[in-house]
Amino acid sequence: MASTSNSTSSKIITLRSSDGEVFEVEESVALESNLIRRMMEDDCANNIIPLPNVTAPIFYLVIEHCKKHAEMKDNKEKKKELRSQGEELLKSDPHTYSNLMEAVNYLDIKSLMDLTAQWLADFLKGKSPRLIRELLKIKNDFTPEEEAEILERNRWAFD
Amino acid sequence: MEVQNKILGPWLVFQHGKHERSQTFFHMATGSYHVRSIRQMRKKDVWLSSHGWLLLRDLSGRLSLFNPISLIEFEVPQLTKQHHDWICFLSAPPTYPNCHLILIPIKASIFYCCKINEDTKFSEVKFNCFDENDYFSDVISCKGRTYFLSHQRRFGEINVGAGNYFPTPRLLDVETPRAAGWKRLTHFLVESCGEVFLVYQSFEVTANWIFCFIVFKMDFSQMRWVHVNSIGDRLFFLSESCSQSCSALKSGLGGDQIFFFLPNDISLYSFHMKEGSISVYLTCPNLHPPWKTPFWVMETSNEGNVDVKWMRQSNVKINKVDRKRMQLITINEKAAELKVAEETVIMKIAVDERPWPDLPIEIAMLIVRRLTPVAYARMRSICTSWRSITLPTWLPLTPCLIFHEETDGFFKFFDPLSKRVFAANIPELHGATFHFSKGGWLLVSFEDGSIFFFNPFTKERISLPDLDYPFSSISFSSMPTSLDCIVFAIFNGGSFDDIFICTCSPGAQSWATYLRGEGVYPLFRVDATNPVFHNGVFYCLGQQGNLGVYNVNEDTWNVLKNPMPLQLPIGLCFLIESEGQLLFVYNRRTQIHVFTLDESKMVWVEVEVLEDLALFLSKSTSLALTVDKEETTGSIRDMKNKIYISRFRRDSNDALFYHMESKSHHLDFYESKEFIKCTWIDPTGFEFGLDSRGNILTVASRLR
């Protein structure tokens with residue numbers, strides 16, 4: 001888990017997810033989140049910081065990504081690894097990926113917002129709408145008339 | 001508000017009233033002003049010197065050193081020879097041992113020197129380190145050494161206080177930095193935190209238009225001037241006799257700024273280096289003439305124990321409005337910021353979780369800005385919820401002001417109608433100077449002499465051959481994409497009555513250059529405002545207010561005898577063409593006058609109302625917009641009879657305009673700022689897709 005009891009001097013921040021699980025996170029990692037940073041500045045630092053919008057599995061994912069992101073700064077291999085993991089998650093469990101994006105957005109972690117958006121954008125590039133729907137398990141809820149009209153108006157994008 | 005016990009930072013001092021009877025001290029950090037009548041300063045000439053001390057001279061020529069903060073006065077030996085003006089330099093505060101006072105008469109080859117508290121008379125020192133026509137301009141002390149700059153910007157040192165020898169100036173082997181050649185240049189030597197800086201302030205040739213500031217730092221290890229883009233936490237306070245500096249942190253003002261004055265102008269200006277903008281302040285609005293150009297008194301921490309009781313006496317006035325103007329960061333404001341942050345947190349918590357395809361707009365925008373237009377169109381055809389991701393759009397209806405904000409490197413478009421600023425990343429324009437714009441096309445030049453047309457909306461570029469001449473005024477006749485487009489540049493040559501004309505068409509191999517007007521009467525000095533193409537000829541404004549015309553087809557140049565020049569005091573002039581009529585706009589400080597050319601009598605006629613016209617003035621491009629009575633909506637209809645200048649408010653994006661009806665600016669001129677690199681441009685042929693922060697993502701030609 002995200003517990004870092006073996007660390008020597010770094011301060012530990014305690015956070016609680018919406019489903020009640022308690023996380024102990026190194027301060028340096030927790031401060032990647034501008035939301036937590038602001039909350040700590042408001043002097044909740046000695047208490048448990050509640051995160052009512054993030055569930056435990058998603059928060060665990062966020063912490064993992066934060067740590068890997070910190071490690072990958074000068075490491076191309078790690079960068080590749082993180083990227084392929086992100087793509088894997090997007091393909092295998094798009095629903096979790098969307099929750100991850102929302103959590104990152106809510107926690108206001110600038111670096112991960114950019115990263116997750118970039119992966120999704122790269123994923124969307126060069127794929128047809130039908131393939132995207134299939135891969136991301138999105139239902140086509142256009143009426144046939146609407147779909148025909150969209151196709152007509154955006155012909156330049158589909159040829 | 002309480003006056004703090006330990007006041008630090010700069011004071012701005014105005015001497016005013018008959019016989020310099022009164023002084024107004026403006027405290028930059030708190031924005032408060034204090035009107036005093038200091039006995040010691042009455043009927044005295046004042047020279048500013050370093051370390052916060054003034055040199056006073058009374059009517060009989062008696063000299064003294066005076067500290068206006070501590071009110072301490074020091075006797076100075078008397079000078080037998082009279083000089084009208086000089087540079088005054090103190091090697092240390094006179095309260096310190098080993099303080100030398102040096103007086104350097106302007107353009108002389110001698111100076112006077114004495115040791116305060118020790119010498120009973122000045123020693124006369126002859127020197128011959130300068131070439132002919134060169135003389136002392138700035139003297140500063142830095143880390144116990146004394147440096148100077150000459151009129152011709154050569155750098156040197158004076159060995160003050162070395163034993164019993166007389167101080168001797170000598171030039172150091174330092175190359176004088178060059179600045180783009182033809183602009184009027186003034187320079188300032190500034191000591192700051194143990195380092196020496198050289199500031200170039202460059203003006204348009206003909207007016208008090210600041211063109212730019214260039215700052216160099218002395219690298220003493222290599223003995224050369226190094227160009228710097230930022231002065232960090234420092235503040236510079238420029239003044240002709242003795243420029244000063246302090247740390248922004250200590251003074252309570254925002255950093256990276258250069259404060260300065262313009263001649264015969266009571267306003268205080270500040271150039272923000274990172275933003276590339278100039279702000280203007282009216283520090284003491286109730287000052288009655290006559291007043292002299294103010295000077296700075298720097299209160300240093302060395303004098304932290306100075307008695308400030310006199311400042312707390314009954315006469316102290318705190319001007320709250322002014323305090324706001326100086327944009328202070330006080331503890332209260334910081335508290336307010338924190339509160340705002342707190343509120344955002346609460347708002348974010350209130351947001352509910354959403355299922356996958358229903359992306360929050362912030363996330364959608366993060367993704368969309370990374371997509372190509374094709375991928376964006378495809379993404380919007382996946383499902384209805386993604387279909388609803390649309391970019392907010394900007395449909396400009398009026399000219400907008402393009403400017404370059406150095407802080408984030410983005411080019412911004414200020415729309416005076418919607419009062420919004422839109423940002424675009426246009427790397428092609430980095431380092432460009434805007435000269436003129438027409439129909440969405442900019443004419444830009446770079447330091448390497450290259451000049452070309454660039455459309456910042458379509459990113460199209462149309463090349464022109466390099467123009468190696470120092471043109472003062474330039475414009476073009478029609479769209480650069482059209483066959484009959486002519487670029488026309490004009491400037492005065494070295495001899496007083498020479499006129500150089502350069503013309504070129506897109507696609508030409510080189511510029512056609514002619515020397516005209518040799519000995520032709522009347523004289524014509526080209527004004528900084530750009531020529532206007534009208535009825536097949538380029539009209540050029542002369543500094544005397546006269547008109548010169550260049551006929552493109554006949555290739556002829558004439559200075560018109562009529563209209564007669566208007567004989568107006570020095571101010572900013574603008575020439576504009578609007579629906580076949582020539583307009584001449586004259587701007588002196590906050591007042592604006594508009595004239596039209598009556599072509600039947602060839603006279604300028606002042607107009608009181610602009611009818612359906614809105615004017616947009618800037619140094620490089622001035623445009624007129626006819627507001628259509630029938631078809632337009634409320635806010636654009638309100639723009640008529642108004643003159644927009646290239647400034648807007650510092651704290652909001654409100655345009656600063658001059659209302660012809662009330663004959664005044666509708667917003668406080670003294671709360672406005674102008675970006676040095678800016679010009680009006682017509683974006684009305686395009687529509688822009690934006691992200692949530694107002695950044696321009698897509699540009700499309702508007703369907704008509």
# chains A, B, ... in the order shown; residues from 1 in each chain; ligands from 1

$ select_by_dssp --residues "segment 373-548 of chain B" --states "helix (DSSP H, G or I)" --output "list in words"
Pro373, Val374, Ala375, Tyr376, Ala377, Arg378, Met379, Thr384, Ser385, Trp386, Arg387, Pro427, Glu428 and Leu429 of chain B

$ write_last_selection --atoms "C-alpha atoms" --output "PDB file, in the first residue's frame"
ATOM      1  CA  PRO B 373      -8.803  19.293 -35.955  1.00  0.00           C
ATOM      2  CA  VAL B 374      -9.581  15.886 -37.545  1.00  0.00           C
ATOM      3  CA  ALA B 375      -9.349  14.001 -34.251  1.00  0.00           C
ATOM      4  CA  TYR B 376     -11.472  16.711 -32.624  1.00  0.00           C
ATOM      5  CA  ALA B 377     -14.204  16.326 -35.255  1.00  0.00           C
ATOM      6  CA  ARG B 378     -14.111  12.533 -34.839  1.00  0.00           C
ATOM      7  CA  MET B 379     -14.236  12.736 -31.054  1.00  0.00           C
ATOM      8  CA  THR B 384     -24.203  12.817 -27.867  1.00  0.00           C
ATOM      9  CA  SER B 385     -22.425  13.756 -24.669  1.00  0.00           C
ATOM     10  CA  TRP B 386     -19.113  14.195 -26.485  1.00  0.00           C
ATOM     11  CA  ARG B 387     -20.959  15.971 -29.281  1.00  0.00           C
ATOM     12  CA  PRO B 427       6.401  31.497 -32.031  1.00  0.00           C
ATOM     13  CA  GLU B 428       6.932  33.037 -35.488  1.00  0.00           C
ATOM     14  CA  LEU B 429       6.513  36.495 -33.957  1.00  0.00           C
TER      15      LEU B 429
END

$ select_by_dssp --residues "segment 426-506 of chain B" --states "strand (DSSP E or B)" --output "PyMOL selection string"
chain B and resi 433-438+441-445+451-454+461-463+473-476+487-492+499-504

$ residues_around --residues "segment 11-16 of chain A" --least-positions-apart "6" --cutoff "10 Å" --atoms "only C-alpha atoms" --output "number ranges by chain"
A: 3-5, 22-31, 36, 40, 45-52, 54-56, 59

$ residues_around --residues "Glu87 of chain A" --least-positions-apart "2" --cutoff "12 Å" --atoms "only C-alpha atoms" --output "PyMOL selection string"
chain A and resi 80-85+89-94+97+115-124+135-136

$ residues_around --residues "segment 135-143 of chain B" --least-positions-apart "6" --cutoff "9 Å" --atoms "only C-alpha atoms" --output "PyMOL selection string"
chain B and resi 50+87-92+104-109+149-153+157-158+187-196+240-243

$ closest_atom_pairs --of "chain A" --to "chain B" --cutoff "8 Å" --atoms "only C-alpha atoms" --output "JSON lines"
{"residue": "A:Leu35", "atom": "CA", "partner": "B:Val345", "partner_atom": "CA", "distance": 6.9}
{"residue": "A:Arg38", "atom": "CA", "partner": "B:Ala341", "partner_atom": "CA", "distance": 7.2}
{"residue": "A:Met39", "atom": "CA", "partner": "B:Glu342", "partner_atom": "CA", "distance": 7.9}
{"residue": "A:Asp42", "atom": "CA", "partner": "B:Glu342", "partner_atom": "CA", "distance": 7.7}
{"residue": "A:Pro52", "atom": "CA", "partner": "B:Ile349", "partner_atom": "CA", "distance": 7.2}
{"residue": "A:Asn53", "atom": "CA", "partner": "B:Ile349", "partner_atom": "CA", "distance": 7.0}
{"residue": "A:Pro94", "atom": "CA", "partner": "B:Trp356", "partner_atom": "CA", "distance": 7.8}
{"residue": "A:His95", "atom": "CA", "partner": "B:Trp356", "partner_atom": "CA", "distance": 5.9}
{"residue": "A:Ser98", "atom": "CA", "partner": "B:Trp356", "partner_atom": "CA", "distance": 5.4}
{"residue": "A:Asn99", "atom": "CA", "partner": "B:Trp356", "partner_atom": "CA", "distance": 7.3}
{"residue": "A:Met101", "atom": "CA", "partner": "B:Ile363", "partner_atom": "CA", "distance": 7.6}
{"residue": "A:Glu102", "atom": "CA", "partner": "B:Ile363", "partner_atom": "CA", "distance": 7.8}
{"residue": "A:Asn105", "atom": "CA", "partner": "B:Ile363", "partner_atom": "CA", "distance": 7.3}
{"residue": "A:Tyr106", "atom": "CA", "partner": "B:Lys348", "partner_atom": "CA", "distance": 6.9}
{"residue": "A:Met113", "atom": "CA", "partner": "B:Ile363", "partner_atom": "CA", "distance": 7.8}
{"residue": "A:Asp114", "atom": "CA", "partner": "B:Leu366", "partner_atom": "CA", "distance": 7.1}
{"residue": "A:Ala117", "atom": "CA", "partner": "B:Ile367", "partner_atom": "CA", "distance": 5.0}
{"residue": "A:Gln118", "atom": "CA", "partner": "B:Ile367", "partner_atom": "CA", "distance": 6.6}
{"residue": "A:Leu120", "atom": "CA", "partner": "B:Ile367", "partner_atom": "CA", "distance": 7.0}
{"residue": "A:Ala121", "atom": "CA", "partner": "B:Ile367", "partner_atom": "CA", "distance": 5.4}
{"residue": "A:Asp122", "atom": "CA", "partner": "B:Leu371", "partner_atom": "CA", "distance": 7.9}
{"residue": "A:Leu124", "atom": "CA", "partner": "B:Ala375", "partner_atom": "CA", "distance": 6.7}
{"residue": "A:Lys125", "atom": "CA", "partner": "B:Ala375", "partner_atom": "CA", "distance": 5.4}
{"residue": "A:Gly126", "atom": "CA", "partner": "B:Ala375", "partner_atom": "CA", "distance": 6.9}
{"residue": "A:Ser128", "atom": "CA", "partner": "B:Arg378", "partner_atom": "CA", "distance": 7.0}
{"residue": "A:Pro129", "atom": "CA", "partner": "B:Ile382", "partner_atom": "CA", "distance": 5.3}
{"residue": "A:Arg130", "atom": "CA", "partner": "B:Ile382", "partner_atom": "CA", "distance": 7.4}
{"residue": "A:Ile132", "atom": "CA", "partner": "B:Ile382", "partner_atom": "CA", "distance": 7.6}
{"residue": "A:Arg133", "atom": "CA", "partner": "B:Ile382", "partner_atom": "CA", "distance": 6.5}
{"residue": "A:Ile138", "atom": "CA", "partner": "B:Pro357", "partner_atom": "CA", "distance": 7.2}
{"residue": "A:Lys139", "atom": "CA", "partner": "B:Cys383", "partner_atom": "CA", "distance": 7.0}
{"residue": "A:Asn140", "atom": "CA", "partner": "B:Cys383", "partner_atom": "CA", "distance": 5.3}
{"residue": "A:Asp141", "atom": "CA", "partner": "B:Cys383", "partner_atom": "CA", "distance": 5.7}
{"residue": "A:Phe142", "atom": "CA", "partner": "B:Thr384", "partner_atom": "CA", "distance": 6.2}
{"residue": "A:Glu147", "atom": "CA", "partner": "B:Ser381", "partner_atom": "CA", "distance": 7.7}
{"residue": "A:Ile150", "atom": "CA", "partner": "B:Ser381", "partner_atom": "CA", "distance": 6.7}
{"residue": "A:Asn154", "atom": "CA", "partner": "B:Ala377", "partner_atom": "CA", "distance": 6.7}
{"residue": "A:Trp156", "atom": "CA", "partner": "B:Val374", "partner_atom": "CA", "distance": 7.9}
{"residue": "A:Ala157", "atom": "CA", "partner": "B:Val374", "partner_atom": "CA", "distance": 4.9}
{"residue": "A:Phe158", "atom": "CA", "partner": "B:Arg378", "partner_atom": "CA", "distance": 7.6}

$ residues_around --residues "Glu20 of chain B" --least-positions-apart "3" --cutoff "7 Å" --atoms "only C-alpha atoms" --output "list in words"
Gln15, His16, Gly17, Arg42 and Lys43 of chain B

$ atom_distance --atom1 "atom CA of Ile676 of chain B" --atom2 "atom CA of Leu541 of chain B"
22.5 Å

$ atom_distance --atom1 "atom CA of Pro10 of chain B" --atom2 "atom CA of Trp47 of chain B"
16.5 Å

$ residues_around --residues "segment 567-577 of chain B" --least-positions-apart "4" --cutoff "10 Å" --atoms "only C-alpha atoms" --output "ChimeraX atom specification"
/B:206-209,527-534,539-546,581-589,591-596,615-624

$ atom_distance --atom1 "atom CA of Gln23 of chain B" --atom2 "atom CA of Leu48 of chain B"
14.5 Å

$ closest_residue --among "B:Leu597, B:Leu467, B:Leu55, B:Ala248" --to "Asp85 of chain B" --atoms "only C-alpha atoms"
B:Leu55

$ decode --residues "segment 58-121 of chain B" --atoms "C-alpha atoms" --output "PDB file, in the first residue's frame"
ATOM      1  CA  ASP B  58      21.348  78.818  -1.750  1.00  0.00           C
ATOM      2  CA  LEU B  59      21.112  82.072  -3.694  1.00  0.00           C
ATOM      3  CA  SER B  60      24.533  83.233  -2.515  1.00  0.00           C
ATOM      4  CA  GLY B  61      26.143  79.996  -3.766  1.00  0.00           C
ATOM      5  CA  ARG B  62      26.667  78.501  -0.302  1.00  0.00           C
ATOM      6  CA  LEU B  63      26.670  74.704  -0.367  1.00  0.00           C
ATOM      7  CA  SER B  64      25.530  72.106   2.149  1.00  0.00           C
ATOM      8  CA  LEU B  65      24.693  68.412   2.283  1.00  0.00           C
ATOM      9  CA  PHE B  66      21.257  67.601   3.592  1.00  0.00           C
ATOM     10  CA  ASN B  67      19.330  64.471   4.436  1.00  0.00           C
ATOM     11  CA  PRO B  68      15.598  65.162   4.020  1.00  0.00           C
ATOM     12  CA  ILE B  69      14.637  62.098   6.031  1.00  0.00           C
ATOM     13  CA  SER B  70      16.795  62.663   9.106  1.00  0.00           C
ATOM     14  CA  LEU B  71      16.952  66.470   8.571  1.00  0.00           C
ATOM     15  CA  ILE B  72      20.686  66.373   9.297  1.00  0.00           C
ATOM     16  CA  GLU B  73      22.710  69.056   7.541  1.00  0.00           C
ATOM     17  CA  PHE B  74      26.453  68.994   6.896  1.00  0.00           C
ATOM     18  CA  GLU B  75      28.645  71.953   6.143  1.00  0.00           C
ATOM     19  CA  VAL B  76      30.557  71.772   2.895  1.00  0.00           C
ATOM     20  CA  PRO B  77      33.556  73.915   1.900  1.00  0.00           C
ATOM     21  CA  GLN B  78      32.596  76.755  -0.386  1.00  0.00           C
ATOM     22  CA  LEU B  79      33.367  76.796  -4.043  1.00  0.00           C
ATOM     23  CA  THR B  80      34.873  79.957  -5.388  1.00  0.00           C
ATOM     24  CA  LYS B  81      34.020  79.328  -9.050  1.00  0.00           C
ATOM     25  CA  GLN B  82      30.395  79.368 -10.102  1.00  0.00           C
ATOM     26  CA  HIS B  83      28.949  76.642 -12.286  1.00  0.00           C
ATOM     27  CA  HIS B  84      25.390  76.460 -13.383  1.00  0.00           C
ATOM     28  CA  ASP B  85      25.008  72.709 -13.153  1.00  0.00           C
ATOM     29  CA  TRP B  86      27.053  69.699 -12.164  1.00  0.00           C
ATOM     30  CA  ILE B  87      27.012  66.044 -11.294  1.00  0.00           C
ATOM     31  CA  CYS B  88      27.220  65.533  -7.556  1.00  0.00           C
ATOM     32  CA  PHE B  89      28.757  62.367  -6.130  1.00  0.00           C
ATOM     33  CA  LEU B  90      29.238  61.171  -2.561  1.00  0.00           C
ATOM     34  CA  SER B  91      31.516  58.178  -2.025  1.00  0.00           C
ATOM     35  CA  ALA B  92      29.795  57.333   1.296  1.00  0.00           C
ATOM     36  CA  PRO B  93      27.187  58.895   3.592  1.00  0.00           C
ATOM     37  CA  PRO B  94      28.760  61.962   5.274  1.00  0.00           C
ATOM     38  CA  THR B  95      28.033  60.370   8.617  1.00  0.00           C
ATOM     39  CA  TYR B  96      30.721  57.821   7.710  1.00  0.00           C
ATOM     40  CA  PRO B  97      34.455  58.479   7.865  1.00  0.00           C
ATOM     41  CA  ASN B  98      36.336  58.959   4.621  1.00  0.00           C
ATOM     42  CA  CYS B  99      33.442  60.507   2.719  1.00  0.00           C
ATOM     43  CA  HIS B 100      34.463  62.273  -0.482  1.00  0.00           C
ATOM     44  CA  LEU B 101      32.251  64.793  -2.210  1.00  0.00           C
ATOM     45  CA  ILE B 102      32.954  65.232  -5.910  1.00  0.00           C
ATOM     46  CA  LEU B 103      31.334  67.942  -8.010  1.00  0.00           C
ATOM     47  CA  ILE B 104      31.736  67.564 -11.763  1.00  0.00           C
ATOM     48  CA  PRO B 105      30.631  70.594 -13.782  1.00  0.00           C
ATOM     49  CA  ILE B 106      28.814  69.577 -16.953  1.00  0.00           C
ATOM     50  CA  LYS B 107      31.092  69.263 -20.000  1.00  0.00           C
ATOM     51  CA  ALA B 108      34.172  70.498 -18.097  1.00  0.00           C
ATOM     52  CA  SER B 109      37.614  68.926 -17.957  1.00  0.00           C
ATOM     53  CA  ILE B 110      38.044  69.594 -14.245  1.00  0.00           C
ATOM     54  CA  PHE B 111      36.191  68.493 -11.171  1.00  0.00           C
ATOM     55  CA  TYR B 112      36.169  69.530  -7.531  1.00  0.00           C
ATOM     56  CA  CYS B 113      36.793  67.189  -4.668  1.00  0.00           C
ATOM     57  CA  CYS B 114      36.817  67.413  -0.886  1.00  0.00           C
ATOM     58  CA  LYS B 115      36.751  65.129   2.134  1.00  0.00           C
ATOM     59  CA  ILE B 116      33.728  65.933   4.290  1.00  0.00           C
ATOM     60  CA  ASN B 117      34.561  66.854   7.922  1.00  0.00           C
ATOM     61  CA  GLU B 118      38.281  67.074   7.101  1.00  0.00           C
ATOM     62  CA  ASP B 119      39.029  69.361   4.171  1.00  0.00           C
ATOM     63  CA  THR B 120      38.326  73.065   4.457  1.00  0.00           C
ATOM     64  CA  LYS B 121      38.354  73.675   0.730  1.00  0.00           C
TER      65      LYS B 121
END
